[in-house]
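Working notes for the structure below.
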Amino acid sequence: MDRSILHKAYDAKQFRSIGHQLIDILADHLANIEEAEKCNHWANPNEEFTFWEAFAQEEHDAISTMKTILDRSIHIHHPRYIGHQVVPTAPITALSSILSALLNNGMAIYEMGAVPSAMERYAVKHMCQKIGYQDGDGVLTSGGTLGNLTALLCARQVMIDRDVWNEGSPNQLAIMVSEEAHYCVDRAAKIMGLGSQGVIKIPVDDEYKMKTELLQAYYDKATEEGIQVFAIVASAPSTSTGIYDDLKGIAAFSQRNNLWMHVDGAHGGAAVYSDKYKHYLSGIEQANSVIIDAHKMLLNPALSTFVCFRDTRHSYQTFNQKAQYLWSQDEQPEWYNYGKRTFECTKRMMSIHYYLLLQIYGEVLFSEFVTRQYELGHKFARLIKDSEDFELAVEVHSNIVCFRYAPDGVSQDRLDGLNDNIRQVLLEDGVFYIVKTKLKGVTYLRVSIMNPQTTIEHLSELLMTIREKAALL
Ligand SMILES: *Cc1c(COP(=O)(O)O)cnc(C)c1O
């Protein structure tokens, strides 16, 4: 029998044995996570590198290696992990990830991924219906950053009546976006060669919403200067604050001026699933395109992002510079060759997690999740407002809450430093994981309540812990 390492690496018996052990370890991890004292074992970057450099020199079997990875990782399923917007995955999607990794059906062309291509069409059409796009279609791509770029490239292709892709543009093109938008929108514009002048930043009001009443004046000024604005990006919500822009107002403005409206719903587009909170998305159905991250509020593993277009034909436009409107009525584009429509050539079988969750649990899983997490965000905001030594940055819309510790007796100019230190102590301590942000120049602590196991008691405990830590600073 062939005893080569290569042969061993493909041994089904070994796969079975390691696989069973790993699943047991992960199931124990989930079952016992609440009892774990810490959600994060902080090491600075150089310490962490030194550890793994040394580890590579030691003998470890697969289980010992994977167990060490598990133990040293940040534990997003821990109820006191309330930091960034990455979701504790629905555990079944860890199993579909194994399936996807083993099958490795790359799906650039249909033949290489018949199943995930068909499922992707189903998933995206399903999401389009939720958004209110009766005749919509789109793709899945690797993250919100690429999703926004995919949609904006399409916007330029559709709205500018020249072939900018091949010939560039003789005049300055631009998009409009809130100053609070995710930095990736700015990055997308720069990648498109729009330059700094090509990103017109609109100020936000006291509630951190894009000031819709300023849009016309900013647009008119740009136009007078010879800048050709072709799109406006709305945040639903913006990442730092969790505040939704006024989509209806933005839709009215973009229709009046014949602009492409894109909604960056990476985080909160998922509120289409919540009867209680979908009013924040009122007007989304009028947008030309929407992105929604499945790895944020839809319980999927990273990365998977819906890019949905209201007009099916637009979902073929991003990388196809031929005028697709020339299709005859009965000529069908090749929906099934996804590589023509996405950045990725080879792509993971992204759709299978969403498809599986719908199949096993139904839509109610998403609606329960979004509603519960947003409700908890509102409850936490109430708790902060009722605590004299804490300040809420802004009334919340979602499960993202910004606040700061501001006890009596600490002067305003020391509050930023105090909150910076609190966050650093919490990070190194590891019992809670939260983040921070700057809003209008002021430091705030920030939580994204992504975990269905997190309760108001944990959040109340967070405030107690902050008081205790601050007392020692
Ligand atoms: C998270 C986020 C992004 C970036 O998405 P990735 O999936 O991390 O690339 C973009 N926009 C908003 C509003 C976000 O919240």
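Residues are referred to by chain and number: the chain letter is A, B, ... according to the order shown in the structure tokens, the number counts from 1 in that chain, and ligands are numbered separately from 1 in the order shown.
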Write as a compact mmCIF listing (two decimals) with C-alpha atoms, in the first residue's frame the residues around ligand 1, taking 8 Å as the cut-off and counting only C-alpha atoms and all ligand atoms.
```txt
# COMPACT_ATOMS: atom_id res chain seq x y z
CA GLN A 85 -20.77 43.42 13.50
CA SER A 142 -17.21 38.37 -1.06
CA GLY A 143 -18.21 41.11 1.36
CA GLY A 144 -19.89 44.48 1.50
CA THR A 145 -16.83 46.25 0.22
CA LEU A 146 -16.85 44.35 -3.06
CA GLY A 147 -20.64 44.51 -3.10
CA ASN A 148 -20.65 48.31 -3.05
CA ALA A 181 -20.77 56.21 5.34
CA HIS A 182 -18.47 53.20 5.62
CA TYR A 183 -14.96 53.96 4.36
CA CYS A 184 -15.30 51.28 1.70
CA VAL A 185 -17.63 53.52 -0.32
CA SER A 235 -26.43 54.03 4.53
CA ALA A 236 -28.85 51.59 6.11
CA PRO A 237 -27.54 52.03 8.69
CA SER A 238 -24.15 53.71 8.89
CA THR A 239 -21.62 51.47 10.58
CA SER A 240 -20.42 53.66 13.43
CA ASP A 264 -25.47 50.19 1.57
CA GLY A 265 -27.50 47.88 3.75
CA ALA A 266 -24.50 45.72 4.67
CA HIS A 267 -25.56 45.64 8.29
CA GLY A 268 -29.20 46.62 8.48
CA ASP A 293 -24.11 41.19 4.20
CA HIS A 295 -22.34 37.44 7.58
CA LYS A 296 -23.72 40.30 9.63
CA ALA A 302 -17.95 35.24 6.42
CA LEU A 303 -18.02 36.19 3.65
CA SER A 304 -21.22 36.44 1.71
CA THR A 305 -22.96 39.55 0.45
```
Among segment 37-235 of chain A, which residues carry a DSSP assignment of strand (DSSP E or B), reported as a ChimeraX atom specification? /A:81,137-141,173-178,199-202,204,210,228-235
Residue with smallest distance to Tyr405 of chain A - pool A:Arg156, A:Lys469, A:Arg80, A:His41, counting only C-alpha atoms: A:Lys469
Counting only C-alpha atoms, what is within 7 Å of segment 251-263 of chain A, bar same-chain residues fewer than 6 positions away, as a tab-separated table (two decimals) with N, CA, C and O atoms, in the first residue's frame?
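Writing the result to result-v6.tsv gives the following:
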```tsv
chain	number	residue	atom	x	y	z
A	155	ALA	N	-23.69	51.18	-11.74
A	155	ALA	CA	-24.34	52.50	-11.81
A	155	ALA	C	-23.65	53.37	-12.87
A	155	ALA	O	-24.31	54.02	-13.68
A	230	PHE	N	-23.45	60.83	-10.77
A	230	PHE	CA	-24.29	59.77	-11.35
A	230	PHE	C	-24.96	58.88	-10.31
A	230	PHE	O	-25.84	58.10	-10.64
A	231	ALA	N	-24.52	58.97	-9.05
A	231	ALA	CA	-25.12	58.07	-8.05
A	231	ALA	C	-25.10	58.69	-6.67
A	231	ALA	O	-24.29	59.56	-6.37
A	232	ILE	N	-26.02	58.22	-5.84
A	232	ILE	CA	-26.02	58.59	-4.42
A	232	ILE	C	-26.14	57.31	-3.60
A	232	ILE	O	-26.88	56.40	-3.95
A	233	VAL	N	-25.33	57.26	-2.53
A	233	VAL	CA	-25.30	56.07	-1.69
A	233	VAL	C	-25.93	56.40	-0.34
A	233	VAL	O	-25.52	57.34	0.34
A	234	ALA	N	-26.93	55.62	0.04
A	234	ALA	CA	-27.56	55.78	1.35
A	234	ALA	C	-27.05	54.69	2.28
A	234	ALA	O	-26.81	53.57	1.85
A	235	SER	N	-26.89	55.02	3.56
A	235	SER	CA	-26.43	54.03	4.53
A	235	SER	C	-27.63	53.50	5.32
A	235	SER	O	-28.43	54.28	5.83
A	236	ALA	N	-27.70	52.18	5.43
A	236	ALA	CA	-28.85	51.59	6.11
A	236	ALA	C	-28.41	50.44	7.01
A	236	ALA	O	-28.59	49.28	6.66
A	283	GLY	N	-38.75	52.96	1.56
A	283	GLY	CA	-38.16	53.62	0.39
A	283	GLY	C	-37.09	52.76	-0.27
A	283	GLY	O	-36.67	53.04	-1.39
A	286	GLN	N	-37.35	51.61	-3.83
A	286	GLN	CA	-37.15	52.56	-4.93
A	286	GLN	C	-35.69	52.67	-5.36
A	286	GLN	O	-35.38	53.29	-6.37
A	287	ALA	N	-34.79	52.10	-4.55
A	287	ALA	CA	-33.37	52.18	-4.89
A	287	ALA	C	-33.09	51.31	-6.12
A	287	ALA	O	-33.78	50.33	-6.37
A	288	ASN	N	-32.04	51.66	-6.86
A	288	ASN	CA	-31.65	50.85	-8.01
A	288	ASN	C	-30.89	49.60	-7.59
A	288	ASN	O	-30.93	48.58	-8.26
A	289	SER	N	-30.14	49.73	-6.49
A	289	SER	CA	-29.37	48.58	-6.01
A	289	SER	C	-29.23	48.63	-4.50
A	289	SER	O	-29.31	49.70	-3.89
A	290	VAL	N	-29.05	47.45	-3.93
A	290	VAL	CA	-28.93	47.29	-2.47
A	290	VAL	C	-27.89	46.21	-2.21
A	290	VAL	O	-27.87	45.21	-2.93
A	291	ILE	N	-27.05	46.42	-1.20
A	291	ILE	CA	-26.24	45.28	-0.74
A	291	ILE	C	-26.62	44.93	0.70
A	291	ILE	O	-26.99	45.80	1.49
```
If you run DSSP on this backbone, which residues of segment 60-208 of chain A come out as helix (DSSP H, G or I), and could you give them as a ChimeraX atom specification? /A:62-72,92-103,110-112,114-131,144-159,164-167,183-191,196-198
Any chance you can output those residues with C-alpha atoms as a short mmCIF file (atom, residue, chain, number, x, y, z; two decimals), in the first residue's frame?
```cif
data_model
loop_
_atom_site.label_atom_id
_atom_site.label_comp_id
_atom_site.auth_asym_id
_atom_site.auth_seq_id
_atom_site.Cartn_x
_atom_site.Cartn_y
_atom_site.Cartn_z
CA ALA A 62 -4.46 17.96 13.77
CA ILE A 63 -6.65 18.00 16.85
CA SER A 64 -4.05 19.62 19.05
CA THR A 65 -3.44 22.28 16.39
CA MET A 66 -7.11 23.00 15.86
CA LYS A 67 -7.80 23.03 19.59
CA THR A 68 -5.05 25.60 20.06
CA ILE A 69 -6.53 27.75 17.28
CA LEU A 70 -9.91 27.54 18.99
CA ASP A 71 -8.56 28.41 22.43
CA ARG A 72 -6.60 31.43 21.26
CA ILE A 92 -25.45 24.51 11.09
CA THR A 93 -23.64 26.84 8.71
CA ALA A 94 -20.35 25.55 10.11
CA LEU A 95 -21.45 22.18 8.78
CA SER A 96 -22.44 23.58 5.41
CA SER A 97 -18.99 25.20 5.36
CA ILE A 98 -17.43 21.76 5.63
CA LEU A 99 -19.59 20.60 2.77
CA SER A 100 -18.64 23.61 0.66
CA ALA A 101 -14.94 23.27 1.46
CA LEU A 102 -14.86 19.63 0.54
CA LEU A 103 -16.93 19.88 -2.64
CA TYR A 110 -22.10 26.77 -14.49
CA GLU A 111 -20.57 23.36 -15.10
CA MET A 112 -18.22 23.84 -12.17
CA ALA A 114 -24.45 23.71 -10.98
CA VAL A 115 -25.85 23.34 -7.47
CA PRO A 116 -24.51 26.55 -5.89
CA SER A 117 -25.36 28.52 -9.05
CA ALA A 118 -28.98 27.42 -8.95
CA MET A 119 -29.13 28.01 -5.20
CA GLU A 120 -27.59 31.45 -5.61
CA ARG A 121 -30.29 32.40 -8.08
CA TYR A 122 -32.91 31.20 -5.64
CA ALA A 123 -31.32 33.02 -2.68
CA VAL A 124 -30.86 36.31 -4.51
CA LYS A 125 -34.35 36.25 -6.01
CA HIS A 126 -35.70 35.50 -2.55
CA MET A 127 -33.88 38.50 -1.12
CA CYS A 128 -35.06 40.71 -4.00
CA GLN A 129 -38.65 39.82 -3.11
CA LYS A 130 -38.02 40.77 0.52
CA ILE A 131 -36.63 44.12 -0.59
CA GLY A 144 -19.89 44.48 1.50
CA THR A 145 -16.83 46.25 0.22
CA LEU A 146 -16.85 44.35 -3.06
CA GLY A 147 -20.64 44.51 -3.10
CA ASN A 148 -20.65 48.31 -3.05
CA LEU A 149 -18.01 48.43 -5.77
CA THR A 150 -19.97 45.97 -7.92
CA ALA A 151 -23.12 48.09 -7.65
CA LEU A 152 -21.34 51.41 -8.24
CA LEU A 153 -19.53 50.11 -11.33
CA CYS A 154 -22.90 49.08 -12.66
CA ALA A 155 -24.34 52.50 -11.81
CA ARG A 156 -21.60 54.21 -13.81
CA GLN A 157 -22.07 51.86 -16.72
CA VAL A 158 -25.82 52.45 -16.83
CA MET A 159 -25.98 56.17 -16.01
CA VAL A 164 -16.04 54.79 -19.38
CA TRP A 165 -14.79 51.25 -18.82
CA ASN A 166 -12.77 51.28 -22.03
CA GLU A 167 -12.26 54.93 -22.76
CA TYR A 183 -14.96 53.96 4.36
CA CYS A 184 -15.30 51.28 1.70
CA VAL A 185 -17.63 53.52 -0.32
CA ASP A 186 -14.87 56.08 -0.54
CA ARG A 187 -12.44 53.30 -1.42
CA ALA A 188 -14.75 52.00 -4.16
CA ALA A 189 -14.92 55.47 -5.69
CA LYS A 190 -11.13 55.77 -5.61
CA ILE A 191 -10.71 52.35 -7.23
CA SER A 196 -11.26 62.87 -4.07
CA GLN A 197 -13.40 65.23 -6.13
CA GLY A 198 -15.51 62.26 -7.12
#
```
Contacts of segment 23-35 of chain A at 9 Å or less, counting only C-alpha atoms, minus same-chain residues fewer than 4 places along, as an MDAnalysis selection string? chainID A and resid 18:19 39 67 70 75 77:80 91 453
Test item: residues at most 8 Å from Arg372 of chain A, only C-alpha atoms, excluding those fewer than 4 positions along its chain, as a PDB file with C-alpha atoms, in the first residue's frame:
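Heads up, here's the output in out_16.pdb:
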```pdb
ATOM      1  CA  GLU A 368     -36.841  36.626  15.146  1.00  0.00           C
ATOM      2  CA  LEU A 376     -32.198  44.668  22.823  1.00  0.00           C
ATOM      3  CA  PRO A 452     -28.890  35.852  20.367  1.00  0.00           C
TER       4      PRO A 452
END
```
Using atom CA of Thr342 of chain A and atom CA of Arg310 of chain A as the two end points, give the distance in Å to one decimal. 17.0 Å
From the list A:Met210, A:Ile360, A:Ile160, A:Leu463, the nearest residue to Arg404 of chain A using only C-alpha atoms is A:Leu463
If we count only C-alpha atoms and set the cut-off at 9 Å, which residues sit around Trp42 of chain A, ignoring sequence neighbours fewer than 3 positions away in its own chain? Please answer as number ranges by chain. A: 48, 72, 74, 427-430
Export of the given selection (N, CA and C atoms) as a PDB file, in the first residue's frame:
```pdb
ATOM      1  N   GLU A  48       1.516  37.362  19.567  1.00  0.00           N
ATOM      2  CA  GLU A  48       0.742  36.330  18.870  1.00  0.00           C
ATOM      3  C   GLU A  48       1.593  35.692  17.769  1.00  0.00           C
ATOM      4  N   ARG A  72      -7.211  30.108  21.329  1.00  0.00           N
ATOM      5  CA  ARG A  72      -6.595  31.432  21.256  1.00  0.00           C
ATOM      6  C   ARG A  72      -7.429  32.443  20.464  1.00  0.00           C
ATOM      7  N   ILE A  74     -10.726  34.803  19.269  1.00  0.00           N
ATOM      8  CA  ILE A  74     -11.811  35.572  19.876  1.00  0.00           C
ATOM      9  C   ILE A  74     -13.110  34.782  19.683  1.00  0.00           C
ATOM     10  N   LEU A 427     -10.353  45.432  26.545  1.00  0.00           N
ATOM     11  CA  LEU A 427      -9.777  44.584  25.495  1.00  0.00           C
ATOM     12  C   LEU A 427      -8.759  43.623  26.089  1.00  0.00           C
ATOM     13  N   GLU A 428      -7.886  44.147  26.923  1.00  0.00           N
ATOM     14  CA  GLU A 428      -6.816  43.322  27.480  1.00  0.00           C
ATOM     15  C   GLU A 428      -7.344  42.357  28.535  1.00  0.00           C
ATOM     16  N   ASP A 429      -8.433  42.748  29.181  1.00  0.00           N
ATOM     17  CA  ASP A 429      -9.040  41.930  30.221  1.00  0.00           C
ATOM     18  C   ASP A 429      -9.770  40.708  29.623  1.00  0.00           C
ATOM     19  N   GLY A 430     -10.501  40.926  28.540  1.00  0.00           N
ATOM     20  CA  GLY A 430     -11.087  39.811  27.803  1.00  0.00           C
ATOM     21  C   GLY A 430     -12.441  39.308  28.271  1.00  0.00           C
TER      22      GLY A 430
END
```
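The space between atom CA of Asp416 of chain A and atom CA of Lys201 of chain A spans 25.6 Å.
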So which residues touch Lys340 of chain A within 10 Å, counting only C-alpha atoms, skipping near sequence neighbours fewer than 4 positions away, as a count of residues only? 12
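Atom CA of Leu247 of chain A sits 26.8 Å away from atom CA of Gly226 of chain A.
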My list of candidates is A:Arg348, A:Lys438, A:His458, A:Arg414. Which is closest to Thr141 of chain A when distances are computed with only C-alpha atoms? A:Arg348
Counting only C-alpha atoms, the option among A:Tyr218, A:Ala294, A:Cys402, A:Gly136 closest to Tyr355 of chain A: A:Ala294
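In this comparison, which uses only C-alpha atoms, the residue of A:Ile456, A:Ile466, A:Ile76, A:Leu358 approaching Asp389 of chain A most closely is A:Ile466.
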